[in-house]
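Participant: Structure provided below as structure tokens; questions to follow.
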4 protein chains.
Amino acid sequence: MLIIMRTDANQDEISAIVERVEANGLSAHLSRGTERTIIGAIGDGRPVNRDQFVQLPGVDRVVPISRPYKLASREFRAENSIFPLDGVKVGSDEVVIIAGPCSVESRSQLMETAQAVREAGAHALRGGAYKPRTSPYSFQGLGEEGLELLAEARELTGMPIVTEVMAPEQIPLVTRYADVLQIGARNMQNYALLHAAGECQHSVLLKRGMMATVEELLMSAEYILSHGNRRVLLCERGIRTFENSTRNTTDINAIPVLKSLTHLPVILDPSHSTGHWEYVSAVARAGIAAGADGLIIEVHPNPDVALSDGGQSLKPERFAELVTQVVAVAKAVGRKVAPVHAAESVQAVTAR
Amino acid sequence: MLIIMRTDANQDEISAIVERVEANGLSAHLSRGTERTIIGAIGDGRPVNRDQFVQLPGVDRVVPISRPYKLASREFRAENSIFPLDGVKVGSDEVVIIAGPCSVESRSQLMETAQAVREAGAHALRGGAYKPRTSPYSFQGLGEEGLELLAEARELTGMPIVTEVMAPEQIPLVTRYADVLQIGARNMQNYALLHAAGECQHSVLLKRGMMATVEELLMSAEYILSHGNRRVLLCERGIRTFENSTRNTTDINAIPVLKSLTHLPVILDPSHSTGHWEYVSAVARAGIAAGADGLIIEVHPNPDVALSDGGQSLKPERFAELVTQVVAVAKAVGRKVAPVHAAESVQAVTAR
Amino acid sequence: MLIIMRTDANQDEISAIVERVEANGLSAHLSRGTERTIIGAIGDGRPVNRDQFVQLPGVDRVVPISRPYKLASREFRAENSIFPLDGVKVGSDEVVIIAGPCSVESRSQLMETAQAVREAGAHALRGGAYKPRTSPYSFQGLGEEGLELLAEARELTGMPIVTEVMAPEQIPLVTRYADVLQIGARNMQNYALLHAAGECQHSVLLKRGMMATVEELLMSAEYILSHGNRRVLLCERGIRTFENSTRNTTDINAIPVLKSLTHLPVILDPSHSTGHWEYVSAVARAGIAAGADGLIIEVHPNPDVALSDGGQSLKPERFAELVTQVVAVAKAVGRKVAPVHAAESVQAVTAR
Amino acid sequence: MLIIMRTDANQDEISAIVERVEANGLSAHLSRGTERTIIGAIGDGRPVNRDQFVQLPGVDRVVPISRPYKLASREFRAENSIFPLDGVKVGSDEVVIIAGPCSVESRSQLMETAQAVREAGAHALRGGAYKPRTSPYSFQGLGEEGLELLAEARELTGMPIVTEVMAPEQIPLVTRYADVLQIGARNMQNYALLHAAGECQHSVLLKRGMMATVEELLMSAEYILSHGNRRVLLCERGIRTFENSTRNTTDINAIPVLKSLTHLPVILDPSHSTGHWEYVSAVARAGIAAGADGLIIEVHPNPDVALSDGGQSLKPERFAELVTQVVAVAKAVGRKVAPVHAAESVQAVTAR
């Protein structure tokens, strides 16, 4: 941390800062410029409250030097963290594709979607049983019944399940059914939930809040990591800007930035980051070209009757085209999309 | 809801939309322009999922007409909702002032602050026992011990208590100690928490998320209202923009906009919306001039040793000046800041 | 300027930075922390290109210390710059009110508005002869004919004229008619125009770009100041954010921030910063309460037939109410709105 | 255009709107919902001022239906506009690569860069002779001397020249030297400049303003098109958001959105849209994967001594790697980067 003094700061004010720095167990190092004095606080400043210096007389501003996260950083762990999912080594040169409906709506809708995305090449199935909805009057999800259907779809197709948890008390139930817990954008800074997710041992797909900086996303990952769970996948899902021709703005820069700052895998959600099915494939290709470790895509057999997010869901045949395109782009950048082997146990839903 | 067709939409596509509108229990009304046809869906469209129309052939876009919230709207209730707090009728022409430290840190810190803000004219005491912090390594609040200290401060000064809840399971405990539950900006779309707050009967101070639109704030209020709790105070606390000379950007426009759209009281938090003590008074005056029903202000006896938010906390003497200024501005706009009568029970902390 | 090294930077890399700093005529000062080394470049770093250090091996990032503007800063000039306008000392405790139509549309429209705003208490008349319009198909202004009408309105009412220039080659013409040159938000970084405005001696009302930071606004002012023109008034007119219930977001924080950073007067334009007449008065009051030195307000006798910005223009009677409210708020914050004395020369337009 | 009435609008108010619609030469069509009446204005509403309806009694809001641009739209011209540049058909399945230094700094710097980027596969040379700089104290470009050096580089390498114009009066001079005029982000809404560019017949590379919406970019293109110049290339160069780990946020969504809305070619500038050399290649690949028609890249032989934008410039060898990667990604998405044939006239600079 550096404390930058005002141009008119006097010696007493400077001395007071030095004392305060030392009182925090750090050592102070003065640099006197032609206009200002700068005081460096040397030592591990992470546990020290920077705000304490802001109001002291003579201080202009305080500049942090160390990154505020540690376990999530490349400096802590240089090589990529790699987590297996359905035989794909997520975080390696293998690209993972997660697909499925926004919400679990019915048995037939889910089984039909699951089989279609599996055939098209998806490695894992997404689907929400608990839905965070802006309106209290909208469909809120099937709850435990949805979880049971997801488990049935796993049995049918062999695909692991990714589904959202919205509150700490849901975790014991959801972990009985799901393989990966999703923490949604609106809950990225729900610290009670992050804390609880950090204490379980399921993989967590942590979505970036729509207003969150890359650094804040990493701080939320740090919450989970610091409570003992090392299996965190980061997900870019679009941020909120003034542009209104799409629902959100895909922060494609965040992909190489995150790959540079952290060892954790980075997944792109082009369905939410565009909000419109017509743009999903283009942005999915872009994500893989930029270095993302995987994709999470909304697919629905009949998007026009979907109970949520129909406007951004792909029909199964469009999803199959997307996978073909992504396979080509992945190859062009020296990566690969692992093929899926249709599970022995896959049977027609109607036969059950 | 209006469904705007593409310029090249054909008659079959138009007929399909009309059928779909009617299948949703609405009636369809066609308006054929020189370039396009527009289909109005007549009836209460709130429970109808708009997304279902977006992917139908020939559709350009869908425009909502009704506001998505109902109980929170001025159209539902034309006159201001007024809630009593410490004898102030919040939402009337009386302006309420809530003040106190960001976090409850110690008995002496809290009692000293409580007495100082009471003497300066505050009507209620704020203070966090559970703190949402970006970093897992920062001070997380005193928890129940903090709640006990808040209750003691209430006894000492006569001021009602405003304090944050972060998870549904904290509500039973917090409501035993607090008069007003605060839902923080990061939890504005924590629907499990909104649901739970809607089922209790304590007043709720609902802070706008730093990326939330005014409409989304009202939708979050609608969650609480629709679960039966009508005592919601809205709080503007700054939004996130590209401007970086302040921590957030105070959306001063939101004050008259909210006063126009809703009957609920509107409180401004200039401490968070500026992030710097030097600007708090100017923006507090602006808020009252713009029509806010009250203020919530961070005050700390020694901001430079505060465990959180020291940079934006006012010292008690600066807070007293702020109150004097606000009293003058309130008068200039035809409102008043109710005087507080020092409670009989107020005693020196040191005497206890 | 501080050059912050990577945690893995080696001694050769550090030495190379030191040499480069010295090659730029600055002296280098090393501060070795437990994790990183920081190199301070001591001397006037303004003319030095910071980018040169970013790509050198071992560099993490470069932090500027000096503010990039000089002539505009409070550090250069501690006391307020005060410019007279119609007898008001703008920048002192006197508040100036500038009002008039968005565009000059016709002789009768302008004269009627000018007389109405003068009677209501305005000190200067605004009105556009050259209009920056988003669409090439919209009304582009009356050009020189509009300037002649403005001069006639000045003669009629005694009010000085504020009008926009859009290109360097318009300046000789516009300065023949106008008292204050306005540089619009879209041209805030039109450097050819800033340069030309800096070489004339008319006062300049410089509007903040809708995406510009406070620092960039000050840098644009610095362009004008550095070319010799010291008469710059800054104007906050709203910034672009994700919020869409208003056309722009009034950055009310920018008022105290600018008053702290610069000696130049600060004017608020609540017509553009809200984009809706219904909210103009509330935000005008807020601006004065926050410390603005004046207001610029759009007024039109018949907003519903205005050729531009009708939605945000006030009718004369609403403007008169606004002035009354602003007079009260100014008084409450220890300032005053100077009364205007109807010019001897004011005559009925119809008599001419 | 649709005029949406308030829920409490009465019949007289509705009738007044209908009259006003008809007075504008449009016909009115009423749609009475259960809560509100909506009035459709039928006919070409582009020349009609929507603002006139906003203040009429009983009006809630006005919704535009037609897109405000015409010549730039896909509805006006369904097939892609294709412009030849150095033998590449820009806008077809061929991808164009423009590269060169931010600023022309010296003869040796420019010739070295030009030869290097040509050898690596660039089709055109960029380089600024007139530089829009935030600070009046920064290097402002070599002016006409820079243009002469660009012409010399063209002769040397055979590459056409892309360079910026900052003011209408520069156009006659710049068109004598350049093949493509660049209009920079800060001038995207400099209407005097757009007007002048529309009257010349050079191709124009129009950069999106850092705060501009996609629709506004298209409106600025419409200015140029409507003045007679049909050769407009659009350039996405990043927008300003709250994210601060990169200089701007690349709006990758804008690539497919623009390709859907307009027939004009779309170029991506990953140097500015990231602001950091380390991320340029990843985002360049993403742009081509998303469907961009080309790239414009900053290259400098010694970025650490560049007079501007050194932090985001690539060294020639990194640029060569970028081209190799882009060739592979273009192929993966069914496009191609045309090879360049080293011009006969290419000679060693040192030989001159």
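Going by the structure tokens order, chains are called A, B, ..., each with residues numbered from 1, while ligands are numbered from 1 in the order shown.
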What are the nearest atom pairs, with distances in Å to one decimal, for all residues of chain B that come at most 12 Å from chain D, using only C-alpha atoms, set out by chain and rising residue number as a tab-separated table?
Facilitator:
```
residue	atom	partner	partner_atom	distance
B:Met1	CA	D:Gly33	CA	9.6
B:Leu2	CA	D:Ile38	CA	9.7
B:Ile3	CA	D:Ile65	CA	10.7
B:Ile4	CA	D:Ile65	CA	7.7
B:Met5	CA	D:Ile65	CA	9.9
B:Arg6	CA	D:Glu75	CA	9.8
B:Thr7	CA	D:Glu75	CA	8.0
B:Asp8	CA	D:Glu75	CA	9.0
B:Leu26	CA	D:Gly33	CA	10.1
B:Ser27	CA	D:Gly33	CA	9.1
B:Ala28	CA	D:Ser31	CA	9.7
B:His29	CA	D:Ser31	CA	6.7
B:Leu30	CA	D:Ser31	CA	8.2
B:Ser31	CA	D:His29	CA	6.7
B:Arg32	CA	D:Ile42	CA	7.8
B:Gly33	CA	D:Ile42	CA	4.9
B:Thr34	CA	D:Gly43	CA	5.4
B:Glu35	CA	D:Gly43	CA	7.7
B:Arg36	CA	D:Ser66	CA	8.6
B:Thr37	CA	D:Ile42	CA	10.0
B:Ile38	CA	D:Gly40	CA	8.8
B:Ile39	CA	D:Ser31	CA	9.5
B:Gly40	CA	D:Ser31	CA	7.2
B:Ala41	CA	D:Gly33	CA	7.9
B:Ile42	CA	D:Gly33	CA	4.9
B:Gly43	CA	D:Thr34	CA	5.4
B:Asp44	CA	D:Thr34	CA	7.3
B:Gly45	CA	D:Thr34	CA	10.0
B:Arg46	CA	D:Glu35	CA	11.8
B:Asp60	CA	D:Ile65	CA	10.0
B:Arg61	CA	D:Ile65	CA	9.7
B:Val62	CA	D:Ile65	CA	10.8
B:Val63	CA	D:Val63	CA	8.6
B:Pro64	CA	D:Val63	CA	10.4
B:Ile65	CA	D:Ile4	CA	7.7
B:Ser66	CA	D:Glu35	CA	8.0
B:Arg67	CA	D:Glu35	CA	10.8
B:Arg74	CA	D:Thr7	CA	11.1
B:Glu75	CA	D:Thr7	CA	8.0
B:Phe76	CA	D:Thr7	CA	11.0
B:Ala78	CA	D:Asp8	CA	11.8
B:Met210	CA	D:Phe242	CA	11.1
B:Met211	CA	D:Phe242	CA	10.1
B:Ile239	CA	D:Phe242	CA	10.2
B:Arg240	CA	D:Phe242	CA	6.5
B:Thr241	CA	D:Phe242	CA	5.2
B:Phe242	CA	D:Phe242	CA	4.5
B:Glu243	CA	D:Phe242	CA	7.7
B:Asn244	CA	D:Phe242	CA	8.5
B:Arg247	CA	D:Phe242	CA	11.0
B:Asn248	CA	D:Phe242	CA	10.1
B:Thr249	CA	D:Phe242	CA	11.1
B:Leu261	CA	D:Asp60	CA	11.7
```
Participant: Any chance you could list, as a PyMOL selection string, the residues in region 2-166 of chain D that come up strand (DSSP E or B) when DSSP is run on the backbone?
Facilitator: chain D and resi 2-5+27-32+37-42+59-63+73+83-85+88-90+94-100+103+124-126+128+161-164
Participant: Between CA of Gly228 (chain B) and CA of Glu215 (chain B), what is the distance in Å, rounded to a tenth?
Facilitator: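 About the pair CA of Gly228 (chain B) and CA of Glu215 (chain B): they are 20.1 Å apart.
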Participant: Of the candidates A:Arg77, A:His195, A:Arg50, A:Arg186, which shows the shortest atom-to-atom distance to Leu264 (chain A), using only C-alpha atoms?
Facilitator: A:Arg77
Participant: Please report, as a PyMOL selection string, each residue of region 212-349 of chain D to which DSSP assigns helix (DSSP H, G or I) when run on this structure's backbone.
Facilitator: chain D and resi 214-226+254-261+270-274+277-290+303-305+310-312+316-332+349
Participant: Write out as a PyMOL selection string the residues lying within 9 Å of Val117 (chain B), counting only C-alpha atoms and excluding same-chain residues fewer than 2 positions away.
Facilitator: chain B and resi 98-100+112-115+119-125+299+316+319-320
Participant: Store the residues of this selection in a file with N, CA, C and O atoms, as a PDB file, in the first residue's frame.
Facilitator:
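result.pdb, written as the output of this step:
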```
ATOM      1  N   ILE B  98     -31.213   9.012   9.877  1.00  0.00           N
ATOM      2  CA  ILE B  98     -30.696   7.797  10.508  1.00  0.00           C
ATOM      3  C   ILE B  98     -29.177   7.905  10.469  1.00  0.00           C
ATOM      4  O   ILE B  98     -28.614   8.261   9.436  1.00  0.00           O
ATOM      5  N   ALA B  99     -28.522   7.620  11.579  1.00  0.00           N
ATOM      6  CA  ALA B  99     -27.063   7.783  11.591  1.00  0.00           C
ATOM      7  C   ALA B  99     -26.431   6.780  12.526  1.00  0.00           C
ATOM      8  O   ALA B  99     -27.094   6.224  13.410  1.00  0.00           O
ATOM      9  N   GLY B 100     -25.155   6.562  12.306  1.00  0.00           N
ATOM     10  CA  GLY B 100     -24.429   5.647  13.175  1.00  0.00           C
ATOM     11  C   GLY B 100     -23.247   5.060  12.441  1.00  0.00           C
ATOM     12  O   GLY B 100     -22.997   5.386  11.278  1.00  0.00           O
ATOM     13  N   GLU B 112     -20.768   5.911  22.329  1.00  0.00           N
ATOM     14  CA  GLU B 112     -20.294   7.279  22.066  1.00  0.00           C
ATOM     15  C   GLU B 112     -20.945   7.831  20.796  1.00  0.00           C
ATOM     16  O   GLU B 112     -21.431   8.966  20.762  1.00  0.00           O
ATOM     17  N   THR B 113     -20.975   6.990  19.750  1.00  0.00           N
ATOM     18  CA  THR B 113     -21.572   7.440  18.498  1.00  0.00           C
ATOM     19  C   THR B 113     -23.060   7.687  18.657  1.00  0.00           C
ATOM     20  O   THR B 113     -23.605   8.690  18.181  1.00  0.00           O
ATOM     21  N   ALA B 114     -23.729   6.755  19.337  1.00  0.00           N
ATOM     22  CA  ALA B 114     -25.181   6.864  19.490  1.00  0.00           C
ATOM     23  C   ALA B 114     -25.551   8.159  20.204  1.00  0.00           C
ATOM     24  O   ALA B 114     -26.449   8.887  19.785  1.00  0.00           O
ATOM     25  N   GLN B 115     -24.835   8.445  21.270  1.00  0.00           N
ATOM     26  CA  GLN B 115     -25.159   9.668  22.002  1.00  0.00           C
ATOM     27  C   GLN B 115     -24.868  10.907  21.169  1.00  0.00           C
ATOM     28  O   GLN B 115     -25.636  11.861  21.150  1.00  0.00           O
ATOM     29  N   GLU B 119     -27.667  13.604  19.994  1.00  0.00           N
ATOM     30  CA  GLU B 119     -27.567  15.024  20.376  1.00  0.00           C
ATOM     31  C   GLU B 119     -27.573  15.926  19.150  1.00  0.00           C
ATOM     32  O   GLU B 119     -28.098  17.040  19.178  1.00  0.00           O
ATOM     33  N   ALA B 120     -26.994  15.445  18.049  1.00  0.00           N
ATOM     34  CA  ALA B 120     -26.931  16.257  16.831  1.00  0.00           C
ATOM     35  C   ALA B 120     -28.266  16.275  16.089  1.00  0.00           C
ATOM     36  O   ALA B 120     -28.455  17.083  15.187  1.00  0.00           O
ATOM     37  N   GLY B 121     -29.183  15.353  16.463  1.00  0.00           N
ATOM     38  CA  GLY B 121     -30.505  15.405  15.836  1.00  0.00           C
ATOM     39  C   GLY B 121     -30.933  14.174  15.077  1.00  0.00           C
ATOM     40  O   GLY B 121     -31.941  14.220  14.360  1.00  0.00           O
ATOM     41  N   ALA B 122     -30.222  13.064  15.217  1.00  0.00           N
ATOM     42  CA  ALA B 122     -30.633  11.850  14.497  1.00  0.00           C
ATOM     43  C   ALA B 122     -31.863  11.234  15.160  1.00  0.00           C
ATOM     44  O   ALA B 122     -32.023  11.292  16.375  1.00  0.00           O
ATOM     45  N   HIS B 123     -32.704  10.601  14.325  1.00  0.00           N
ATOM     46  CA  HIS B 123     -33.918   9.958  14.840  1.00  0.00           C
ATOM     47  C   HIS B 123     -33.755   8.464  15.051  1.00  0.00           C
ATOM     48  O   HIS B 123     -34.533   7.857  15.778  1.00  0.00           O
ATOM     49  N   ALA B 124     -32.800   7.862  14.350  1.00  0.00           N
ATOM     50  CA  ALA B 124     -32.625   6.409  14.490  1.00  0.00           C
ATOM     51  C   ALA B 124     -31.141   6.085  14.371  1.00  0.00           C
ATOM     52  O   ALA B 124     -30.367   6.860  13.802  1.00  0.00           O
ATOM     53  N   LEU B 125     -30.769   4.928  14.912  1.00  0.00           N
ATOM     54  CA  LEU B 125     -29.370   4.524  14.951  1.00  0.00           C
ATOM     55  C   LEU B 125     -29.114   3.386  13.975  1.00  0.00           C
ATOM     56  O   LEU B 125     -29.814   2.375  14.013  1.00  0.00           O
ATOM     57  N   VAL B 299     -21.462   7.632  10.682  1.00  0.00           N
ATOM     58  CA  VAL B 299     -20.755   8.501  11.623  1.00  0.00           C
ATOM     59  C   VAL B 299     -19.884   7.624  12.505  1.00  0.00           C
ATOM     60  O   VAL B 299     -20.310   6.537  12.914  1.00  0.00           O
ATOM     61  N   PRO B 316     -18.443  13.122  14.511  1.00  0.00           N
ATOM     62  CA  PRO B 316     -19.702  13.640  15.074  1.00  0.00           C
ATOM     63  C   PRO B 316     -19.897  15.137  14.849  1.00  0.00           C
ATOM     64  O   PRO B 316     -21.008  15.576  14.559  1.00  0.00           O
ATOM     65  N   PHE B 319     -21.033  15.713  11.398  1.00  0.00           N
ATOM     66  CA  PHE B 319     -22.424  15.264  11.262  1.00  0.00           C
ATOM     67  C   PHE B 319     -23.373  16.321  11.820  1.00  0.00           C
ATOM     68  O   PHE B 319     -24.435  16.600  11.234  1.00  0.00           O
ATOM     69  N   ALA B 320     -23.001  16.935  12.925  1.00  0.00           N
ATOM     70  CA  ALA B 320     -23.857  17.983  13.499  1.00  0.00           C
ATOM     71  C   ALA B 320     -24.010  19.140  12.514  1.00  0.00           C
ATOM     72  O   ALA B 320     -25.107  19.699  12.352  1.00  0.00           O
TER      73      ALA B 320
END
```
Participant: Between CA of Gln312 (chain B) and CA of Ala116 (chain B), measure the distance and give it in Å to one decimal.
Facilitator: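 Pair CA of Gln312 (chain B) / CA of Ala116 (chain B) returns 17.4 Å.
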Participant: Which residues come within 12 Å of Asp86 (chain C), counting only C-alpha atoms, excluding same-chain residues fewer than 5 positions away, as a list in words?
Facilitator: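 These residues fall inside the cut-off: Glu94, Val95, Val96, Ile97, Ile98, Arg118, Gly121, Ala122, His123, Ala124, Leu125, Arg154, Thr157, Gly158, Met159, Pro160, Ile161, Val162, Asp179, Val180, Ala338, Pro339, Val340, His341, Ala342 and Ala343 of chain C.
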Participant: Write out as a VMD selection string each polymer residue whose atoms come within 8 Å of Ile252 (chain D), counting only C-alpha atoms; drop sequence neighbours fewer than 2 positions from it.
Facilitator: (chain A and resid 249 to 252 283 286) or (chain D and resid 250 254 to 256 286 to 287 290)
Participant: Please identify all polymer residues within 12 Å of Val337 (chain D), counting only C-alpha atoms, omitting same-chain residues fewer than 5 positions from it, and present them as a PyMOL selection string.
Facilitator: chain D and resi 87-90+92-98+120-123+288+292-295+323-332
Participant: So, counting only C-alpha atoms, which residue among B:Pro270, B:His202, B:Leu56, B:Asn187 is closest to Val18 (chain B)?
Facilitator: B:Leu56
